[in-house]
Each structure stands twice: as structure tokens, then as C-alpha cells.
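Peer 1: So I've got this file, work21.txt, and it contains compact mmCIF, C-alpha atoms:
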# COMPACT_ATOMS: atom_id res chain seq x y z
CA MET T 28 72.69 -82.30 -22.92
CA ARG T 29 75.05 -79.59 -24.05
CA LEU T 30 76.67 -81.92 -26.53
CA SER T 31 73.35 -82.97 -28.01
CA ALA T 32 72.27 -79.38 -28.46
CA ALA T 33 75.57 -78.53 -30.04
CA LYS T 34 75.26 -81.43 -32.46
CA VAL T 35 71.86 -80.17 -33.56
CA VAL T 36 73.42 -76.78 -34.12
CA VAL T 37 76.21 -78.32 -36.16
CA THR T 38 73.68 -80.07 -38.39
CA CYS T 39 71.80 -76.80 -38.92
CA LEU T 40 75.04 -75.01 -39.62
CA GLY T 41 75.96 -77.53 -42.23
CA VAL T 42 72.68 -76.94 -44.04
CA ILE T 43 73.03 -73.17 -43.79
CA GLY T 44 76.61 -73.37 -44.94
CA MET T 45 75.65 -75.45 -47.96
CA MET T 46 73.02 -72.86 -48.89
CA LEU T 47 75.23 -69.81 -48.43
CA LEU T 48 78.56 -70.90 -49.68
CA PRO T 49 79.65 -71.89 -53.18
CA GLN T 50 80.05 -75.62 -53.66
CA SER T 51 83.53 -76.97 -54.10
CA HIS T 52 84.10 -79.11 -57.18
CA ALA T 53 87.50 -80.37 -56.19
CA SER T 54 88.01 -83.82 -54.75
CA ASP T 55 88.95 -82.47 -51.33
CA PRO T 56 91.68 -84.24 -49.43
CA SER T 57 90.07 -83.42 -46.08
CA PRO T 58 87.00 -81.75 -44.57
CA LEU T 59 89.29 -78.99 -43.33
CA GLU T 60 90.47 -78.12 -46.82
CA HIS T 61 86.89 -78.26 -48.08
CA LEU T 62 85.75 -75.72 -45.48
CA ARG T 63 88.84 -73.58 -46.07
CA THR T 64 87.90 -73.26 -49.73
CA GLN T 65 84.33 -72.33 -48.89
CA ILE T 66 85.39 -69.64 -46.42
CA GLN T 67 87.87 -68.22 -48.91
CA ALA T 68 84.99 -67.85 -51.35
CA MET T 69 83.31 -65.43 -48.93
CA ARG T 70 85.89 -62.83 -49.92
CA PRO T 71 85.01 -60.82 -53.01
CA ALA T 72 87.61 -61.18 -55.74
CA ASN T 73 88.04 -57.50 -56.47
CA LEU T 74 87.88 -55.52 -53.28
CA ALA T 75 88.71 -51.96 -54.25
CA TRP T 76 91.22 -51.28 -51.51
CA HIS T 77 93.07 -54.51 -52.19
CA ARG T 78 94.12 -53.09 -55.54
CA ILE T 79 96.57 -50.81 -53.77
CA ALA T 80 99.83 -52.63 -53.05
CA TRP T 81 100.52 -51.10 -49.66
CA LYS T 82 104.00 -51.37 -48.28
CA THR T 83 104.10 -51.72 -44.52
CA SER T 84 107.60 -50.31 -44.07
CA LEU T 85 108.21 -46.60 -44.47
CA SER T 86 111.91 -47.14 -45.09
CA GLN T 87 111.12 -49.56 -47.93
CA GLY T 88 108.59 -47.07 -49.28
CA LEU T 89 111.14 -44.27 -49.28
CA LYS T 90 113.64 -46.43 -51.13
CA GLU T 91 111.07 -47.11 -53.83
CA ALA T 92 110.12 -43.43 -53.87
CA ARG T 93 113.71 -42.57 -54.69
CA GLN T 94 113.90 -45.17 -57.40
CA LYS T 95 110.64 -44.09 -59.02
CA HIS T 96 110.86 -40.36 -58.23
CA LYS T 97 107.43 -40.43 -56.66
CA PRO T 98 106.14 -39.09 -53.34
CA VAL T 99 105.08 -41.45 -50.55
CA PHE T 100 101.43 -41.54 -49.56
CA LEU T 101 101.49 -42.58 -45.91
CA TRP T 102 98.32 -43.99 -44.35
CA ALA T 103 98.59 -44.12 -40.55
CA PHE T 104 95.45 -45.41 -38.92
CA ILE T 105 94.64 -47.81 -36.13
CA HIS T 106 95.07 -50.88 -38.30
CA LEU T 107 96.51 -51.64 -41.69
CA PRO T 108 94.03 -51.17 -44.54
CA ASN T 109 94.34 -54.55 -46.20
CA ASP T 110 93.27 -57.30 -43.83
CA GLU T 111 92.60 -55.76 -40.48
CA ARG T 112 89.58 -54.10 -38.99
CA CYS T 113 89.75 -50.34 -38.53
CA MET U 3 89.83 -45.72 -49.90
CA SER U 4 87.32 -47.48 -52.08
CA ARG U 5 86.69 -44.90 -54.82
CA GLU U 6 88.00 -45.77 -58.25
CA ASP U 7 89.43 -42.31 -58.96
CA VAL U 8 91.26 -42.21 -55.61
CA ILE U 9 92.74 -45.68 -56.08
CA SER U 10 93.86 -44.92 -59.63
CA LYS U 11 95.52 -41.68 -58.58
CA ILE U 12 97.37 -43.27 -55.67
CA LYS U 13 98.55 -46.21 -57.77
CA ALA U 14 99.76 -44.01 -60.61
CA ASN U 15 101.43 -41.21 -58.71
CA PHE U 16 102.45 -42.33 -55.24
CA VAL U 17 104.27 -45.06 -53.37
CA PRO U 18 101.57 -46.22 -50.93
CA VAL U 19 102.69 -47.09 -47.42
CA SER U 20 100.47 -48.00 -44.47
CA VAL U 21 101.58 -48.16 -40.87
CA ARG U 22 99.73 -48.71 -37.64
CA ALA U 23 98.94 -45.55 -35.68
CA THR U 24 100.33 -47.27 -32.59
CA ASP U 25 103.72 -47.50 -34.32
CA LEU U 26 103.51 -43.85 -35.32
CA ASN U 27 102.64 -42.75 -31.79
CA ASN U 28 105.03 -45.15 -30.05
CA PRO U 29 107.77 -45.75 -32.61
CA PRO U 30 109.73 -48.96 -32.14
CA PRO U 31 113.44 -48.62 -31.28
CA ASN U 32 114.78 -49.36 -34.73
CA GLU U 33 115.36 -47.75 -38.11
CA GLU U 34 111.68 -47.75 -38.99
CA GLY U 35 110.86 -46.20 -35.64
CA ALA U 36 113.36 -43.40 -36.17
CA LEU U 37 111.67 -42.56 -39.46
CA LEU U 38 108.23 -42.60 -37.89
CA ARG U 39 109.48 -40.43 -35.03
CA SER U 40 110.50 -37.77 -37.57
CA ILE U 41 106.87 -37.63 -38.74
CA ARG U 42 105.36 -37.23 -35.28
CA PRO U 43 105.69 -33.41 -35.16
CA TYR U 44 103.42 -33.15 -38.19
CA CYS U 45 100.57 -35.20 -36.69
CA LEU U 46 97.29 -33.44 -35.99
CA GLU U 47 95.60 -36.47 -34.44
CA GLN U 48 96.73 -39.93 -33.47
CA GLN U 49 95.77 -41.00 -36.98
CA GLY U 50 96.09 -39.37 -40.36
CA MET U 51 97.43 -39.31 -43.90
CA PHE U 52 100.69 -37.76 -45.04
CA VAL U 53 102.56 -37.15 -48.27
CA LEU U 54 106.35 -37.26 -48.05
CA ASN U 55 109.07 -36.53 -50.55
CA GLU U 56 111.77 -39.08 -51.36
CA ASP U 57 113.88 -37.75 -48.49
CA GLY U 58 111.21 -38.52 -45.94
CA GLN U 59 110.21 -34.89 -45.50
CA VAL U 60 106.49 -34.46 -44.77
CA LEU U 61 104.98 -32.17 -47.41
CA THR U 62 101.30 -32.35 -46.45
CA ALA U 63 99.20 -33.87 -43.68
CA VAL U 64 95.44 -34.37 -43.42
CA VAL U 65 92.90 -36.04 -41.14
CA LEU U 66 89.45 -35.47 -42.69
CA PHE U 67 88.00 -34.22 -45.95
CA ASP U 68 85.15 -31.86 -46.77
CA SER U 69 83.85 -34.18 -49.48
CA THR U 70 84.84 -37.21 -51.52
CA ARG U 71 85.97 -34.83 -54.28
CA ALA U 72 88.30 -33.22 -51.77
CA ILE U 73 90.27 -36.48 -51.50
CA THR U 74 91.48 -36.30 -55.10
CA ASP U 75 91.96 -32.55 -54.73
CA TYR U 76 94.21 -33.22 -51.74
CA LEU U 77 96.23 -35.74 -53.73
CA ASP U 78 96.62 -33.23 -56.58
CA PHE U 79 97.62 -30.52 -54.11
CA SER U 80 100.21 -32.86 -52.60
CA LEU U 81 101.60 -33.77 -56.02
CA ALA U 82 102.04 -30.06 -56.75
CA GLN U 83 103.88 -29.68 -53.44
CA PHE U 84 106.07 -32.64 -54.37
CA ARG U 85 106.95 -31.20 -57.77
CA GLU U 86 108.00 -28.03 -56.04
CA HIS U 87 109.74 -29.64 -53.07
CA SER U 88 111.03 -33.02 -54.16
CA GLN U 89 114.18 -34.58 -52.82
CA MET U 90 116.67 -32.13 -51.33
CA ALA U 91 114.66 -29.22 -52.71
CA VAL U 92 113.02 -28.18 -49.44
CA SER U 93 114.29 -24.75 -48.53
CA PRO U 94 114.95 -23.73 -44.92
CA ASN U 95 112.00 -21.35 -45.06
CA TRP U 96 109.54 -23.90 -46.35
CA SER U 97 106.74 -25.35 -44.16
CA ALA U 98 104.63 -28.48 -44.39
CA ARG U 99 100.96 -27.81 -45.11
CA ARG U 100 98.57 -29.44 -42.66
CA PHE U 101 94.78 -29.75 -42.66
CA THR U 102 92.45 -31.00 -39.98
CA LYS U 103 89.90 -31.11 -42.77
CA TYR U 104 90.87 -30.53 -46.39
CA PRO U 105 90.52 -27.92 -47.73
CA SER U 106 88.35 -25.93 -45.32
CA VAL U 107 90.19 -26.30 -41.98
CA ALA U 108 93.91 -25.62 -42.22
CA ALA U 109 96.18 -26.21 -39.23
CA PRO U 110 99.35 -24.27 -38.49
CA SER U 111 102.14 -25.15 -40.88
CA ILE U 112 105.33 -26.63 -39.49
CA ALA U 113 108.79 -25.76 -40.71
CA ALA U 114 110.76 -28.53 -42.32
CA VAL U 115 112.96 -30.27 -39.80
CA ALA U 116 116.59 -31.01 -40.43
CA ASN U 117 116.60 -34.59 -41.58
CA ARG U 118 120.32 -35.22 -41.42
CA ASN U 119 120.01 -37.72 -38.63
CA SER U 120 117.27 -39.62 -40.35
CA PRO U 121 118.16 -43.26 -40.95
CA PHE U 122 117.19 -42.62 -44.51
CA ASP U 123 119.95 -40.09 -44.90
CA PRO U 124 122.43 -41.63 -47.38
CA GLU U 125 125.31 -40.99 -44.98
CA HIS U 126 123.38 -42.68 -42.19
CA ALA U 127 122.64 -45.64 -44.39
CA ALA U 128 126.39 -45.98 -44.89
CA GLY U 129 126.80 -46.09 -41.13
CA ALA U 130 128.23 -42.61 -40.65
CA GLY U 131 125.29 -40.49 -39.58
CA CYS U 132 123.60 -42.25 -36.71
CA LEU U 133 123.86 -40.24 -33.51
CA SER U 134 121.39 -42.19 -31.44
CA GLY U 135 122.34 -45.73 -32.37
CA ALA U 136 118.66 -46.49 -32.74
CA CYS U 137 119.17 -48.21 -36.04
CA GLN U 138 121.40 -50.79 -34.41
CA ILE U 139 118.54 -52.15 -32.31
CA PRO U 140 116.90 -55.15 -33.97
CA VAL U 141 113.22 -55.11 -34.85
CA SER U 142 111.06 -56.70 -32.17
CA PRO U 143 109.59 -59.94 -33.43
CA ARG U 144 105.81 -60.23 -33.81
CA PRO U 145 104.05 -62.50 -31.33
CA THR U 146 104.38 -66.10 -32.41
CA GLY U 147 101.24 -68.03 -33.14
CA LEU U 148 98.82 -69.25 -35.74
CA ILE U 149 97.54 -66.25 -37.73
CA LEU U 150 93.84 -66.41 -38.55
CA ASN U 151 92.25 -64.27 -41.26
CA MET U 152 88.60 -63.49 -40.62
CA VAL U 153 85.94 -62.49 -43.10
CA ALA U 154 82.42 -61.55 -41.96
CA ARG U 155 79.33 -60.70 -43.99
CA THR U 156 75.75 -59.83 -43.27
CA ILE U 157 73.01 -61.92 -44.85
CA GLU U 158 70.13 -60.11 -46.51
CA SER U 159 66.50 -61.15 -46.30
CA ASN U 160 66.81 -63.01 -49.61
CA GLY U 161 69.45 -65.27 -48.06
CA HIS U 162 72.38 -63.81 -49.99
CA PHE U 163 75.38 -61.98 -48.64
CA SER U 164 75.02 -58.22 -48.61
CA SER U 165 76.45 -56.68 -51.76
CA ASP U 166 77.94 -53.87 -49.66
CA VAL U 167 81.60 -54.72 -49.17
CA ILE U 168 82.65 -51.19 -48.20
CA HIS U 169 81.04 -50.56 -44.80
CA GLN U 170 82.36 -52.66 -41.94
CA GLU U 171 78.90 -53.29 -40.51
CA HIS U 172 78.19 -55.27 -43.72
CA TYR U 173 81.64 -56.61 -44.59
CA SER U 174 84.52 -56.97 -42.16
CA GLN U 175 87.97 -58.46 -42.31
CA ASP U 176 90.31 -58.94 -39.41
CA GLN U 177 93.38 -60.83 -38.27
CA LEU U 178 94.01 -62.57 -34.97
CA ILE U 179 96.60 -64.86 -33.50
CA ILE U 180 96.17 -68.13 -31.63
CA PRO U 181 99.20 -68.18 -29.34
CA LEU U 182 101.56 -71.12 -29.57
CA GLN U 183 100.99 -72.06 -25.92
CA LEU U 184 97.24 -72.29 -26.51
CA GLN U 185 97.79 -74.44 -29.60
CA GLN U 186 99.99 -76.78 -27.58
CA TYR U 187 97.45 -76.90 -24.76
CA ILE U 188 94.67 -77.84 -27.19
CA ALA U 189 96.88 -80.51 -28.76
CA ALA U 190 97.57 -82.01 -25.33
CA LEU U 191 93.85 -81.98 -24.46
CA VAL U 192 92.71 -83.91 -27.50
CA ARG U 193 95.74 -86.16 -27.91
CA GLY U 194 94.83 -89.81 -27.56
CA THR U 195 91.08 -89.25 -27.78
CA THR U 196 89.22 -91.11 -30.47
CA GLY U 197 85.55 -90.35 -31.01
CA GLN U 198 84.62 -88.59 -27.78
CA ALA U 199 84.24 -84.80 -27.71
CA VAL U 200 86.55 -82.78 -25.53
CA ARG U 201 85.70 -79.33 -24.24
CA LEU U 202 88.25 -76.79 -25.46
CA PRO U 203 89.64 -74.04 -23.20
CA ASP U 204 87.52 -70.91 -22.83
CA MET U 205 90.51 -68.84 -23.84
CA LEU U 206 90.07 -70.04 -27.41
CA GLY U 207 86.44 -68.89 -27.43
CA GLN U 208 87.29 -65.54 -25.89
CA ILE U 209 89.98 -64.86 -28.48
CA LEU U 210 87.52 -65.74 -31.25
CA MET U 211 84.72 -63.64 -29.72
CA MET U 212 86.98 -60.59 -29.57
CA HIS U 213 87.10 -60.63 -33.37
CA ALA U 214 83.85 -62.36 -34.37
CA TYR U 215 81.59 -59.44 -35.24
CA LEU U 216 80.80 -56.91 -37.93
CA GLY U 217 81.49 -53.24 -37.38
CA ASN U 218 84.38 -50.97 -36.55
CA MET U 219 86.96 -51.83 -33.92
CA ASP U 220 85.32 -49.56 -31.34
CA VAL U 221 82.37 -51.97 -31.06
CA GLN U 222 84.57 -54.96 -30.19
CA PRO U 223 82.32 -57.01 -27.89
CA VAL U 224 84.99 -58.53 -25.63
CA SER U 225 87.77 -56.48 -23.99
CA SER U 226 86.14 -53.38 -25.41
CA PRO U 227 88.62 -50.63 -26.31
CA MET U 228 85.85 -48.16 -25.39
CA GLY U 229 85.43 -49.63 -21.93
CA ALA U 230 82.00 -51.05 -22.71
CA HIS U 231 80.65 -53.70 -20.33
CA SER U 232 80.70 -57.21 -21.82
CA ASP U 233 78.18 -59.81 -20.71
CA ILE U 234 79.31 -63.21 -22.00
CA GLN U 235 76.29 -65.49 -21.90
CA ALA U 236 77.80 -68.45 -23.74
CA CYS U 237 81.29 -69.51 -24.73
CA GLU U 238 81.86 -73.21 -25.26
CA PHE U 239 83.72 -75.17 -27.88
CA TYR U 240 84.17 -78.92 -28.27
CA ALA U 241 86.44 -80.99 -30.49
CA ALA U 242 86.35 -84.60 -31.61
CA LEU U 243 88.56 -86.58 -33.97
CA VAL U 244 87.05 -86.86 -37.44
CA PRO U 245 86.36 -90.54 -38.22
CA GLY U 246 88.89 -91.85 -40.67
CA GLN U 247 91.36 -89.04 -39.97
CA LYS U 248 94.36 -89.35 -37.70
CA ASN U 249 95.04 -85.68 -36.93
CA ILE U 250 92.01 -83.64 -38.04
CA TYR U 251 89.44 -82.68 -35.43
CA ARG U 252 85.93 -81.37 -35.93
CA VAL U 253 84.96 -78.42 -33.72
CA TYR U 254 81.56 -77.14 -32.77
CA GLY U 255 80.50 -74.51 -30.31
CA LYS U 256 78.38 -71.60 -29.31
CA THR U 257 79.10 -68.03 -28.28
CA ASN U 258 76.82 -65.26 -27.14
CA VAL U 259 77.96 -61.88 -25.90
CA CYS U 260 76.40 -58.48 -25.38
CA ALA U 261 78.60 -55.40 -25.06
CA GLN U 262 77.06 -52.12 -24.11
CA GLY U 263 78.55 -48.70 -23.47
CA PRO U 264 76.56 -45.63 -22.52
CA SER U 265 78.44 -43.09 -24.54
CA PRO U 266 81.99 -43.60 -25.73
CA HIS U 267 84.13 -40.71 -26.96
CA GLY U 268 83.54 -38.73 -23.80
CA GLY U 269 79.82 -38.42 -24.21
CA GLY U 270 80.04 -37.20 -27.77
CA LEU U 271 78.27 -40.18 -29.29
CA PRO U 272 74.52 -39.90 -28.79
CA GLY U 273 73.03 -43.35 -28.49
CA GLY U 274 76.27 -44.97 -27.30
CA MET U 275 77.07 -48.46 -28.52
CA LEU U 276 75.44 -51.87 -28.34
CA ASN U 277 76.89 -55.01 -29.88
CA LYS U 278 74.95 -58.20 -29.20
CA ILE U 279 76.02 -61.20 -31.21
CA GLY U 280 75.10 -64.85 -30.87
CA LEU U 281 76.89 -67.41 -33.02
CA SER U 282 76.91 -71.15 -33.64
CA TRP U 283 80.24 -72.50 -34.78
CA TYR U 284 81.64 -75.45 -36.59
CA GLY U 285 84.95 -76.16 -38.21
CA PHE U 286 88.09 -78.22 -38.19
CA PHE U 287 91.68 -78.03 -37.05
CA LYS U 288 94.70 -80.12 -37.79
CA LEU U 289 97.41 -81.11 -35.34
CA SER U 290 101.02 -81.61 -36.21
CA GLU U 291 104.16 -81.62 -34.10
CA GLY U 292 102.17 -81.12 -30.92
CA ARG U 293 100.34 -77.97 -31.97
CA VAL U 294 97.55 -76.69 -34.18
CA THR U 295 98.97 -76.14 -37.65
CA SER U 296 95.81 -75.46 -39.66
CA LEU U 297 92.31 -74.26 -38.74
CA SER U 298 89.07 -73.30 -40.46
CA PHE U 299 85.96 -72.21 -38.54
CA LEU U 300 82.58 -71.03 -39.81
CA ALA U 301 80.09 -69.21 -37.57
CA THR U 302 76.54 -68.12 -38.30
CA GLY U 303 74.03 -66.26 -36.18
CA GLU U 304 72.56 -62.86 -35.55
CA GLN U 305 74.03 -59.51 -34.54
CA LYS U 306 72.35 -56.40 -33.22
CA LEU U 307 74.62 -53.41 -33.64
CA GLN U 308 74.12 -49.81 -32.61
CA TRP U 309 76.79 -47.14 -32.80
CA GLY U 310 75.87 -43.53 -32.16
CA ALA U 311 72.43 -44.46 -33.39
CA LEU U 312 70.77 -41.29 -32.13
CA ARG U 313 72.87 -39.11 -34.37
CA PRO U 314 71.27 -37.91 -37.59
CA LYS U 315 71.82 -40.34 -40.45
CA LEU U 316 74.38 -39.18 -42.98
CA ALA U 317 72.85 -38.00 -46.22
CA SER U 318 75.64 -39.00 -48.58
CA ALA U 319 79.08 -40.50 -48.99
CA ASP U 320 80.38 -36.93 -48.89
CA GLU U 321 79.44 -36.77 -45.23
CA GLU U 322 81.15 -40.08 -44.44
CA VAL U 323 84.59 -38.64 -45.15
CA ASN U 324 83.82 -36.11 -42.41
CA GLU U 325 83.28 -38.96 -39.96
CA LEU U 326 86.40 -41.02 -40.57
CA VAL U 327 87.52 -40.85 -36.97
CA SER U 328 84.30 -41.53 -35.06
CA GLY U 329 82.46 -43.51 -37.74
CA HIS U 330 78.96 -43.06 -39.09
CA PRO U 331 75.77 -43.89 -37.15
CA ILE U 332 74.73 -47.58 -37.23
CA ASP U 333 71.50 -49.23 -36.12
CA GLN U 334 70.90 -52.69 -37.55
CA GLN U 335 69.93 -56.23 -36.64
CA THR U 336 70.99 -58.83 -39.20
CA LYS U 337 71.86 -62.44 -39.78
CA VAL U 338 75.62 -62.85 -40.13
CA CYS U 339 78.13 -65.37 -41.41
CA LEU U 340 81.80 -65.36 -40.41
CA GLY U 341 84.73 -67.45 -41.58
CA PHE U 342 88.17 -67.94 -40.05
CA ASN U 343 91.05 -69.49 -41.99
CA SER U 344 94.56 -69.92 -40.68
CA GLU U 345 97.36 -68.71 -42.88
CA THR U 346 99.17 -71.45 -44.72
CA PRO U 347 102.29 -72.40 -42.73
Output the structure of this file as C-alpha cells.
Peer 2:
Amino acid sequence: MRLSAAKVVVTCLGVIGMMLLPQSHASDPSPLEHLRTQIQAMRPANLAWHRIAWKTSLSQGLKEARQKHKPVFLWAFIHLPNDERC
Amino acid sequence: MSREDVISKIKANFVPVSVRATDLNNPPPNEEGALLRSIRPYCLEQQGMFVLNEDGQVLTAVVLFDSTRAITDYLDFSLAQFREHSQMAVSPNWSARRFTKYPSVAAPSIAAVANRNSPFDPEHAAGAGCLSGACQIPVSPRPTGLILNMVARTIESNGHFSSDVIHQEHYSQDQLIIPLQLQQYIAALVRGTTGQAVRLPDMLGQILMMHAYLGNMDVQPVSSPMGAHSDIQACEFYAALVPGQKNIYRVYGKTNVCAQGPSPHGGGLPGGMLNKIGLSWYGFFKLSEGRVTSLSFLATGEQKLQWGALRPKLASADEEVNELVSGHPIDQQTKVCLGFNSETP
């Protein structure tokens, strides 16, 4: 019974997914790669905070600061700003 | 960190570095940790922003801002401090400028600390200045596993994704890890099956549920960091070999969880938190060498999210920079779509 219900859900999901997500034009080698491409398309291309090339090592940042004669702007929050929730 | 003027100023004038607050508060026993430890005395909270000169000396520290304009003002102020106190130019009588909220709430300044034992000291880098030996300890490796990158978006009434990609209740990203042992366990479960579906371990669903939501990390619905009670009403995943494929499995499942906390932050959040999210899942994973080597899951459903909902709504973005630590009030019920992709091996 559970399996049948889940299969119905999967069918619905497929329809919803087709409506929401951009269609892939590539001849996909596998269903996994097809879905991967669709999920990747959920990410906006130009997220503002992605335009900052954060270093995640303070020592590396200080080395670059010396080379470029710039100060370090250190962001220390619960998670990193690029890909993690905060 | 999403304003054009702020981004441009940081890119042009600073070397941007981000670290986890946990590493700042509990520095690892290595060179990086020794550097972070030297910053600890300047912290006003467990989180914050700092500007350092090339020698690693903290020049300014800040937690909140009076307004969005104050962010660029703070950066300009810090640049002026840098021009005055760049490498090796910090005098013994100089003090770092700290602000709980810039510029209206200044905190006591702290005198520059002698940085001669810093791993970044040139003598130390040459191996002559380390008194503690901390830099000789190797960096602890990250947990091994399959890294998943999550993206989550709310769906508006017109069926499109919300155009708001700034606020986490409308657009969230996250990372999680499927441990190697769990990958191997899943591989062993499905190995040898052909068309029949196999129920996957609940641990997989619980790991996914911990991250499958929109909102800030304090509203995490499973293993709540705020101590909220989690009522898991559904958590089941099944996998079956895709016809015509030898190592790719289709996955489908269902999760439903409601997390509720009366009033996190010691009672200072009127309305508390509620995060109720029900999702239907489908996706695929690939097995290779006895483990999961690639995975993509899509989940859709509905989420009801409340966070300090009884607080007055903020009137402008200016007020949001005053609420960086506790977050702004949220009260919404929306359709949601979430995607999980493993990183390419």
C-alpha cells in the first residue's frame, strides 16, 4: 500500500518537476544526469554574494593581503557565506 | 552581503576571508587555529566581522549596523584605519576600534597585542618563532562522505519560483554529508536486487530532513539547535534499480516533520518558532565500488514557517541589518521545491 501511494507521488512529482524546472536539451546519458542538470538550474546564475571570492583560510588571506597591500575583511559567522545556511 | 555597493567595495579594497564562528570560538590546534586565537580577544559576540592589517592585527570589529548605509561607512572607516595602521605600523599605544553596532554603539577599544608569536610572523614562518608548537599539529581532516549541495526555493501562486533570492525563507542553500558507512550500507541493501523496491535506512531520511527546509539555521526541523521539539510524522525512502541501467537506482519517498519551540533565545523571541514541512521525494543515485558515488534528489511540498512572528514586522532593509543575529520575523505558508546534488567526485 505504501509503495503504491509512493508511486502515485512520484508520478505527480514528475509532472510538477516538468512544469517547474527548465527542460534539458542535451541527450542525457542517464536519468540521474538529467535530474542533476534540472536541479542545478534552480540556482540563479548571478547570486550577489557569490561574486565575492571568499577565502576560507585566514593564513592564505593574510598572505594575499601582504602581496596586494590590502586589509583583510574577515567574516566570522555560524556558516560560510557561499553555500551553507546561516 | 547582497548590496551592490558593499560587494564592489569589498572586492576592490579588501581580501575577503570567511571562517566558521565555531572555528573562531574553538580554534583548531594548527596554524590557522593560532591565527584565529589571536583574534578572539577582539570578539564582541560569538559572531562578527573584522578588518585586519597584513600582519594579522585586528583594526576594527563590528557585529551589527545602524543602517545599510552604515555598512559602507564601516568599510570606509576600516580602510582609513588600515592606511594609518598598515603592516608593522601599529604603535604600542594604538587600540582596535570595536562596535556592537556601527556607528552608534561603540565597545571598549582593545590595545594591539604583541603578534610576535603569531604563525604569520615571518620568523615563525621560517620555523624560528613558534613557542607553542601548535603549527606542527596537522589539520584535522573533514568528515569523509558524499557532499550534497542543497538549493531550496518557494513557489509563488503563479507557479514560478519566488524572485527573492536574498532571504533564506524564500531561497536557501546548504551543504550536508552522507557518511561513507551509510553509503556502503545502502549499497549492500540494494545490491543484487533487480526491479523490486527496497526500503532505505531511516538515517538517510533523517539526514535529509535536517537540511530540507527554507529559513535560517535556527529553524532546523530535526535535531533543532534551539532545542525545539520535533515530531516526525513520516520518513520513508525506497530505491529500485532503473530498468536498463546496471548501477543507477531510482528513489522515492516521503517526509513530514513539525518542529515547534515556545520561545528560543531565552524568551526574547515573541511568537517562538514553528517549522512544519511535508515533502514528496524522487531522485536517483549511482553505485560504484560498493558505495554511493553520485546522487540527485528533488523534493516538493509545503512548508509553514514562523519565527518570532509576534514581533513587529520590519519596515525596511535598514532594520534588517539590526537583526543580523536573531533574524527578522517570519510568518508564511508556501509551496516549496528543493534539490540535492552530490558534488562531482
Peer 1: Give the residues of chain U that lie within 6 Å of chain T; count only C-alpha atoms, and format the answer as a list in words.
Peer 2: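 Close enough to count are Met3, Ser4, Phe16, Val17, Pro18, Val19, Ser20, Val21, Arg22, Ala23, Gln49, Gly50, Met51, Phe52, Val53, Leu54, Asn55, Glu56, Gln175, Asp176, Gln177, Asn218, Met219, Phe286, Ser298 and Gly341 of chain U.
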Peer 1: Find the residues near U:Ala301: any atom within 6 Å, counting all atoms listed in the file, skip ones fewer than 4 places away on the same chain, and give them as an NGL selection string.
Peer 2: :U and (281-283 or 339-340)
Peer 1: Starting from the point (85.4, -81.4, -27.3), work out which residues of protein, DNA or RNA have an atom no more than 10 Å away when counting only C-alpha atoms; state them as a list in words.
Peer 2: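 Residues found, by chain and rising number: Leu30 of chain T; Ile188, Leu191, Val192, Thr195, Gly197, Gln198, Ala199, Val200, Arg201, Leu202, Pro203, Glu238, Phe239, Tyr240, Ala241, Ala242, Leu243, Tyr251, Arg252, Val253, Tyr254 and Gly255 of chain U.
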Peer 1: Save out the residues we just selected, C-alpha atoms, as an mmCIF file, in the coordinates of the input.
Peer 2:
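Printed below is result00.cif as written:
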data_model
loop_
_atom_site.group_PDB
_atom_site.id
_atom_site.type_symbol
_atom_site.label_atom_id
_atom_site.label_comp_id
_atom_site.auth_asym_id
_atom_site.auth_seq_id
_atom_site.Cartn_x
_atom_site.Cartn_y
_atom_site.Cartn_z
ATOM 1 C CA LEU T 30 76.670 -81.920 -26.530
ATOM 2 C CA ILE U 188 94.670 -77.840 -27.190
ATOM 3 C CA LEU U 191 93.850 -81.980 -24.460
ATOM 4 C CA VAL U 192 92.710 -83.910 -27.500
ATOM 5 C CA THR U 195 91.080 -89.250 -27.780
ATOM 6 C CA GLY U 197 85.550 -90.350 -31.010
ATOM 7 C CA GLN U 198 84.620 -88.590 -27.780
ATOM 8 C CA ALA U 199 84.240 -84.800 -27.710
ATOM 9 C CA VAL U 200 86.550 -82.780 -25.530
ATOM 10 C CA ARG U 201 85.700 -79.330 -24.240
ATOM 11 C CA LEU U 202 88.250 -76.790 -25.460
ATOM 12 C CA PRO U 203 89.640 -74.040 -23.200
ATOM 13 C CA GLU U 238 81.860 -73.210 -25.260
ATOM 14 C CA PHE U 239 83.720 -75.170 -27.880
ATOM 15 C CA TYR U 240 84.170 -78.920 -28.270
ATOM 16 C CA ALA U 241 86.440 -80.990 -30.490
ATOM 17 C CA ALA U 242 86.350 -84.600 -31.610
ATOM 18 C CA LEU U 243 88.560 -86.580 -33.970
ATOM 19 C CA TYR U 251 89.440 -82.680 -35.430
ATOM 20 C CA ARG U 252 85.930 -81.370 -35.930
ATOM 21 C CA VAL U 253 84.960 -78.420 -33.720
ATOM 22 C CA TYR U 254 81.560 -77.140 -32.770
ATOM 23 C CA GLY U 255 80.500 -74.510 -30.310
#
Peer 1: Mind giving me the straight-line distance from atom CA of U:Leu148 to atom CA of U:His213 in Å, one decimal?
Peer 2: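 Those two atoms sit 14.7 Å apart.
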Peer 1: What gap, in Å, lies between atom CA of U:Lys278 and atom CA of U:Ile234?
Peer 2: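 Separation of atom CA of U:Lys278 and atom CA of U:Ile234: 9.8 Å.
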Peer 1: So how far away is atom CA of U:Ser232 from atom CA of U:Ala189, in Å?
Peer 2: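 So the two atoms, atom CA of U:Ala189 and atom CA of U:Ser232, lie 29.2 Å apart.
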Peer 1: Between U:Lys248, U:Lys11, U:Arg42, U:Lys103, which residue has the minimum interatomic distance to U:Val65, considering only C-alpha atoms?
Peer 2: U:Lys103
Peer 1: What residues have an atom no more than 9 Å from (100.3, -30.1, -51.5) in the file's own frame, counting all atoms listed in the file, and can you write them as a VMD selection string?
Peer 2: chain U and resid 53 61 to 63 76 to 84 98 to 99
Peer 1: May I have the residues within 12 Å of U:Thr295 as a ChimeraX atom specification, using all atoms listed in the file and disregarding those fewer than 3 positions away in the same chain?
Peer 2: /T:59 /U:147-150,180-182,184-186,188-189,249-251,286-292,298,343-347
Peer 1: Go through U:Gln262, U:Gln222, U:Ser165, U:Gln183 and flag the residue nearest U:Arg293, using only C-alpha atoms for the distances.
Peer 2: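 Selected residue with least distance to U:Arg293: U:Gln183.
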